[in-house]
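Below is one structure; the comments refer to it alone.
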Amino acid sequence: KTSSFKSISENTLKEIKKRSISSRNLNNLRWLDFVSNTKNLISEIDKLGEYVVNNIRINYKSKVQSVVSLRNRGEGIDQLNYPHGVTVDNNTGKIYVADTGDNCVKVFNNVGKYLSRFGYEAGAGKMEYPFGLAIYGNRILISQGYHSLIDLPSSEICILNYQLNGKYISKFGRQGMGNLEFNVLLGITVDQTNGNIYACDNSNNRIQKISKSFKFISEFGK
C-alpha cells in the first residue's frame, strides 16, 4: 500500500535539512546522508508530497527530487540499522540488504516482508560492516570493512562469497594498496555476461576489475 499524496510542510523540510550532513540540493535526484538517529523508512519526495512503499525505494516518476530516510533505526532482526547496499534476485524477487549496523545481510520478499538474515554468527564468514552487494548466478558477493574509523584486521577488508541461501563459501582480498587489496571498500557490481567483478576501492582512488575466479585483471580511474 502507498500513502496518499499530501503537501510537504515547512516543518518537514526543516527536519530534512537539519538531519542532512551534506549540502546537496533537494532539487537534485540524489541520496541525502544523515547523522545518527535517522530513520530507515524510505520516502520519496516530489513537489506534490511523500510516497512510501514498504521500506523499499521505488523510482516511480521523473518528478522525484530526493530519497530520504525517516524512521528510527530498528533493534529487531526484521528492522534495519544503517543499511547501505541493496540488490534483487531477479529469479525469486527476493531483496538482499547490507545491514551495516547489524553486521549482516537481511533478506526480504518483494513487498518488504522480512525472511531471514545471514553473516551475523561467529566463525568463518562473520561480517564486519558490510556495504556493497552483487548477485551472480546462485552466489552473492558482499564488500565489507569499509569503515575508515574502525580498526579492523587487514584480512577483514575484503569481499565475501556466499550462496544466495546464506551459506558462506569463501572470501578474498585484504587491506592494502596492491592487487586485490583495498582501502575503504565500498560498492561492487558484477558483469552478468562474464562474471567479472568491479570493486570500488575508495581510498586507493580506483576501481579494481576482478575475474569470477577472484583473480586480479586490471584497475582504472587512478
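Labels used: A, B, ... for chains in the order of the C-alpha cells, numbers from 1 for residues in each chain, and numbers from 1 for ligands as shown.
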For Arg139 of chain A, work out the shell of residues within 9 Å, counting only C-alpha atoms and skipping chain neighbours fewer than 2 positions away, then give it as an MDAnalysis selection string.
-> chainID A and resid 134:137 141 161:165
Any chance you could export the current selection's C-alpha atoms as a PDB file, in the first residue's frame?
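Result written to part.pdb:
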ATOM      1  CA  ALA A 134      26.164  -8.074  -6.074  1.00  0.00           C
ATOM      2  CA  ILE A 135      24.451 -11.265  -7.249  1.00  0.00           C
ATOM      3  CA  TYR A 136      25.884 -13.578  -9.882  1.00  0.00           C
ATOM      4  CA  GLY A 137      24.188 -16.903 -10.534  1.00  0.00           C
ATOM      5  CA  LEU A 141      29.219 -11.095  -3.121  1.00  0.00           C
ATOM      6  CA  ASN A 161      31.456 -15.010  -1.262  1.00  0.00           C
ATOM      7  CA  TYR A 162      28.146 -16.559  -0.151  1.00  0.00           C
ATOM      8  CA  GLN A 163      25.476 -18.729  -1.662  1.00  0.00           C
ATOM      9  CA  LEU A 164      22.120 -16.989  -2.003  1.00  0.00           C
ATOM     10  CA  ASN A 165      20.745 -19.269   0.713  1.00  0.00           C
TER      11      ASN A 165
END
May I have a table of the residues of segment 98-136 of chain A lying at most 12 Å from segment 86-91 of chain A, giving each one's closest pair of atoms and their distance in Å to one decimal, counting only C-alpha atoms, ordered by chain and ascending residue number, as JSON lines?
{"residue": "A:Ala98", "atom": "CA", "partner": "A:Val86", "partner_atom": "CA", "distance": 6.3}
{"residue": "A:Asp99", "atom": "CA", "partner": "A:Val86", "partner_atom": "CA", "distance": 9.1}
{"residue": "A:Thr100", "atom": "CA", "partner": "A:Val86", "partner_atom": "CA", "distance": 11.2}
{"residue": "A:Val105", "atom": "CA", "partner": "A:Val86", "partner_atom": "CA", "distance": 9.3}
{"residue": "A:Lys106", "atom": "CA", "partner": "A:Val86", "partner_atom": "CA", "distance": 9.6}
{"residue": "A:Val107", "atom": "CA", "partner": "A:Val88", "partner_atom": "CA", "distance": 9.6}
{"residue": "A:Phe108", "atom": "CA", "partner": "A:Val88", "partner_atom": "CA", "distance": 9.5}
{"residue": "A:Asn109", "atom": "CA", "partner": "A:Val88", "partner_atom": "CA", "distance": 9.5}
{"residue": "A:Asn110", "atom": "CA", "partner": "A:Val88", "partner_atom": "CA", "distance": 8.7}
{"residue": "A:Val111", "atom": "CA", "partner": "A:Val88", "partner_atom": "CA", "distance": 12.0}
{"residue": "A:Gly112", "atom": "CA", "partner": "A:Val88", "partner_atom": "CA", "distance": 11.7}
{"residue": "A:Pro130", "atom": "CA", "partner": "A:Val86", "partner_atom": "CA", "distance": 10.9}
{"residue": "A:Phe131", "atom": "CA", "partner": "A:Val86", "partner_atom": "CA", "distance": 8.9}
{"residue": "A:Gly132", "atom": "CA", "partner": "A:Val86", "partner_atom": "CA", "distance": 7.3}
{"residue": "A:Leu133", "atom": "CA", "partner": "A:Val86", "partner_atom": "CA", "distance": 6.2}
{"residue": "A:Ala134", "atom": "CA", "partner": "A:Thr87", "partner_atom": "CA", "distance": 6.5}
{"residue": "A:Ile135", "atom": "CA", "partner": "A:Asp89", "partner_atom": "CA", "distance": 7.0}
{"residue": "A:Tyr136", "atom": "CA", "partner": "A:Asp89", "partner_atom": "CA", "distance": 9.0}
Saved selection, atoms kept: all heavy atoms, as a compact mmCIF listing (two decimals), in the first residue's frame:
# COMPACT_ATOMS: atom_id res chain seq x y z
N ALA A 98 22.42 -5.00 2.68
CA ALA A 98 23.59 -4.99 3.57
C ALA A 98 23.27 -4.12 4.77
O ALA A 98 23.24 -2.90 4.68
CB ALA A 98 24.80 -4.45 2.82
N ASP A 99 22.98 -4.76 5.89
CA ASP A 99 22.64 -4.04 7.12
C ASP A 99 23.93 -3.78 7.89
O ASP A 99 24.35 -4.58 8.72
CB ASP A 99 21.65 -4.86 7.95
CG ASP A 99 21.00 -4.03 9.03
OD1 ASP A 99 21.49 -2.93 9.31
OD2 ASP A 99 20.00 -4.48 9.62
N THR A 100 24.54 -2.65 7.59
CA THR A 100 25.87 -2.35 8.10
C THR A 100 25.91 -2.30 9.62
O THR A 100 26.84 -2.81 10.25
CB THR A 100 26.36 -1.01 7.51
OG1 THR A 100 26.24 -1.07 6.08
CG2 THR A 100 27.79 -0.73 7.88
N VAL A 105 23.59 -9.54 6.33
CA VAL A 105 22.71 -9.30 5.19
C VAL A 105 21.32 -9.78 5.57
O VAL A 105 21.16 -10.90 6.09
CB VAL A 105 23.21 -10.02 3.93
CG1 VAL A 105 22.15 -10.02 2.83
CG2 VAL A 105 24.48 -9.37 3.42
N LYS A 106 20.32 -8.93 5.33
CA LYS A 106 18.94 -9.30 5.62
C LYS A 106 18.19 -9.49 4.30
O LYS A 106 18.42 -8.76 3.34
CB LYS A 106 18.27 -8.25 6.49
CG LYS A 106 18.88 -8.21 7.89
CD LYS A 106 18.21 -7.22 8.82
CE LYS A 106 18.86 -7.30 10.21
NZ LYS A 106 18.30 -6.32 11.15
N VAL A 107 17.30 -10.46 4.31
CA VAL A 107 16.57 -10.84 3.10
C VAL A 107 15.09 -10.54 3.29
O VAL A 107 14.50 -10.90 4.33
CB VAL A 107 16.77 -12.33 2.78
CG1 VAL A 107 16.14 -12.67 1.43
CG2 VAL A 107 18.25 -12.70 2.79
N PHE A 108 14.50 -9.89 2.30
CA PHE A 108 13.08 -9.54 2.32
C PHE A 108 12.42 -10.07 1.04
O PHE A 108 13.09 -10.26 0.03
CB PHE A 108 12.89 -8.03 2.39
CG PHE A 108 13.49 -7.39 3.61
CD1 PHE A 108 14.85 -7.08 3.67
CD2 PHE A 108 12.70 -7.08 4.70
CE1 PHE A 108 15.40 -6.49 4.80
CE2 PHE A 108 13.23 -6.49 5.83
CZ PHE A 108 14.58 -6.19 5.88
N ASN A 109 11.10 -10.27 1.10
CA ASN A 109 10.42 -10.61 -0.14
C ASN A 109 10.13 -9.34 -0.93
O ASN A 109 10.50 -8.24 -0.51
CB ASN A 109 9.15 -11.44 0.10
CG ASN A 109 8.06 -10.67 0.82
OD1 ASN A 109 8.09 -9.44 0.92
ND2 ASN A 109 7.07 -11.38 1.32
N ASN A 110 9.46 -9.48 -2.07
CA ASN A 110 9.32 -8.33 -2.97
C ASN A 110 8.32 -7.29 -2.51
O ASN A 110 8.12 -6.28 -3.19
CB ASN A 110 9.00 -8.79 -4.39
CG ASN A 110 7.69 -9.56 -4.47
OD1 ASN A 110 7.00 -9.75 -3.47
ND2 ASN A 110 7.35 -10.00 -5.66
N VAL A 111 7.67 -7.51 -1.36
CA VAL A 111 6.83 -6.46 -0.78
C VAL A 111 7.39 -5.98 0.55
O VAL A 111 6.72 -5.28 1.30
CB VAL A 111 5.36 -6.93 -0.62
CG1 VAL A 111 4.73 -7.19 -1.96
CG2 VAL A 111 5.27 -8.16 0.28
N GLY A 112 8.64 -6.35 0.84
CA GLY A 112 9.31 -5.83 2.02
C GLY A 112 9.14 -6.64 3.29
O GLY A 112 9.51 -6.18 4.36
N PRO A 130 29.35 -4.75 6.46
CA PRO A 130 29.07 -4.99 5.04
C PRO A 130 28.54 -3.73 4.38
O PRO A 130 27.83 -2.94 5.00
CB PRO A 130 28.00 -6.09 5.09
CG PRO A 130 27.32 -5.90 6.41
CD PRO A 130 28.41 -5.45 7.35
N PHE A 131 28.85 -3.56 3.12
CA PHE A 131 28.47 -2.33 2.41
C PHE A 131 27.82 -2.62 1.06
O PHE A 131 26.66 -2.32 0.85
CB PHE A 131 29.69 -1.43 2.22
CG PHE A 131 29.35 -0.05 1.77
CD1 PHE A 131 29.25 0.98 2.67
CD2 PHE A 131 29.11 0.23 0.43
CE1 PHE A 131 28.93 2.28 2.26
CE2 PHE A 131 28.79 1.52 0.01
CZ PHE A 131 28.70 2.54 0.93
N GLY A 132 28.57 -3.18 0.13
CA GLY A 132 28.05 -3.40 -1.22
C GLY A 132 27.61 -4.84 -1.43
O GLY A 132 28.10 -5.76 -0.77
N LEU A 133 26.68 -5.03 -2.37
CA LEU A 133 26.16 -6.36 -2.69
C LEU A 133 26.08 -6.54 -4.20
O LEU A 133 25.76 -5.61 -4.93
CB LEU A 133 24.74 -6.53 -2.13
CG LEU A 133 24.52 -6.41 -0.62
CD1 LEU A 133 23.03 -6.40 -0.33
CD2 LEU A 133 25.19 -7.54 0.12
N ALA A 134 26.34 -7.76 -4.65
CA ALA A 134 26.16 -8.07 -6.07
C ALA A 134 25.86 -9.55 -6.21
O ALA A 134 26.52 -10.39 -5.59
CB ALA A 134 27.41 -7.72 -6.87
N ILE A 135 24.85 -9.88 -7.02
CA ILE A 135 24.45 -11.26 -7.25
C ILE A 135 24.98 -11.73 -8.60
O ILE A 135 24.91 -11.00 -9.59
CB ILE A 135 22.91 -11.40 -7.19
CG1 ILE A 135 22.42 -11.22 -5.75
CG2 ILE A 135 22.46 -12.74 -7.75
CD1 ILE A 135 20.91 -11.20 -5.62
N TYR A 136 25.48 -12.96 -8.62
CA TYR A 136 25.88 -13.58 -9.88
C TYR A 136 25.55 -15.07 -9.79
O TYR A 136 26.12 -15.79 -8.97
CB TYR A 136 27.37 -13.38 -10.15
CG TYR A 136 27.83 -13.99 -11.46
CD1 TYR A 136 27.39 -13.49 -12.68
CD2 TYR A 136 28.69 -15.08 -11.47
CE1 TYR A 136 27.78 -14.04 -13.87
CE2 TYR A 136 29.11 -15.64 -12.67
CZ TYR A 136 28.65 -15.13 -13.87
OH TYR A 136 29.05 -15.68 -15.06
Which distance in Å separates atom CA of Ile197 of chain A and atom CA of Lys209 of chain A, to one decimal?
-> 5.7 Å
Near Leu180 of chain A, within 8 Å and counting only C-alpha atoms, which residues show up once chain neighbours fewer than 4 positions away are dropped, as an mmCIF file with C-alpha atoms, in the first residue's frame?
data_model
loop_
_atom_site.group_PDB
_atom_site.id
_atom_site.type_symbol
_atom_site.label_atom_id
_atom_site.label_comp_id
_atom_site.auth_asym_id
_atom_site.auth_seq_id
_atom_site.Cartn_x
_atom_site.Cartn_y
_atom_site.Cartn_z
ATOM 1 C CA PHE A 172 39.218 -12.744 -0.932
ATOM 2 C CA GLY A 173 41.203 -9.528 -0.602
ATOM 3 C CA ARG A 174 42.729 -7.675 2.315
ATOM 4 C CA GLN A 208 39.544 -2.916 -9.473
ATOM 5 C CA ILE A 210 38.475 -8.973 -10.840
ATOM 6 C CA LYS A 215 41.940 -13.132 -9.934
ATOM 7 C CA PHE A 216 43.053 -9.535 -10.455
#
Computed gap from atom CA of Gly85 of chain A to atom CA of Gly187 of chain A is 7.3 Å
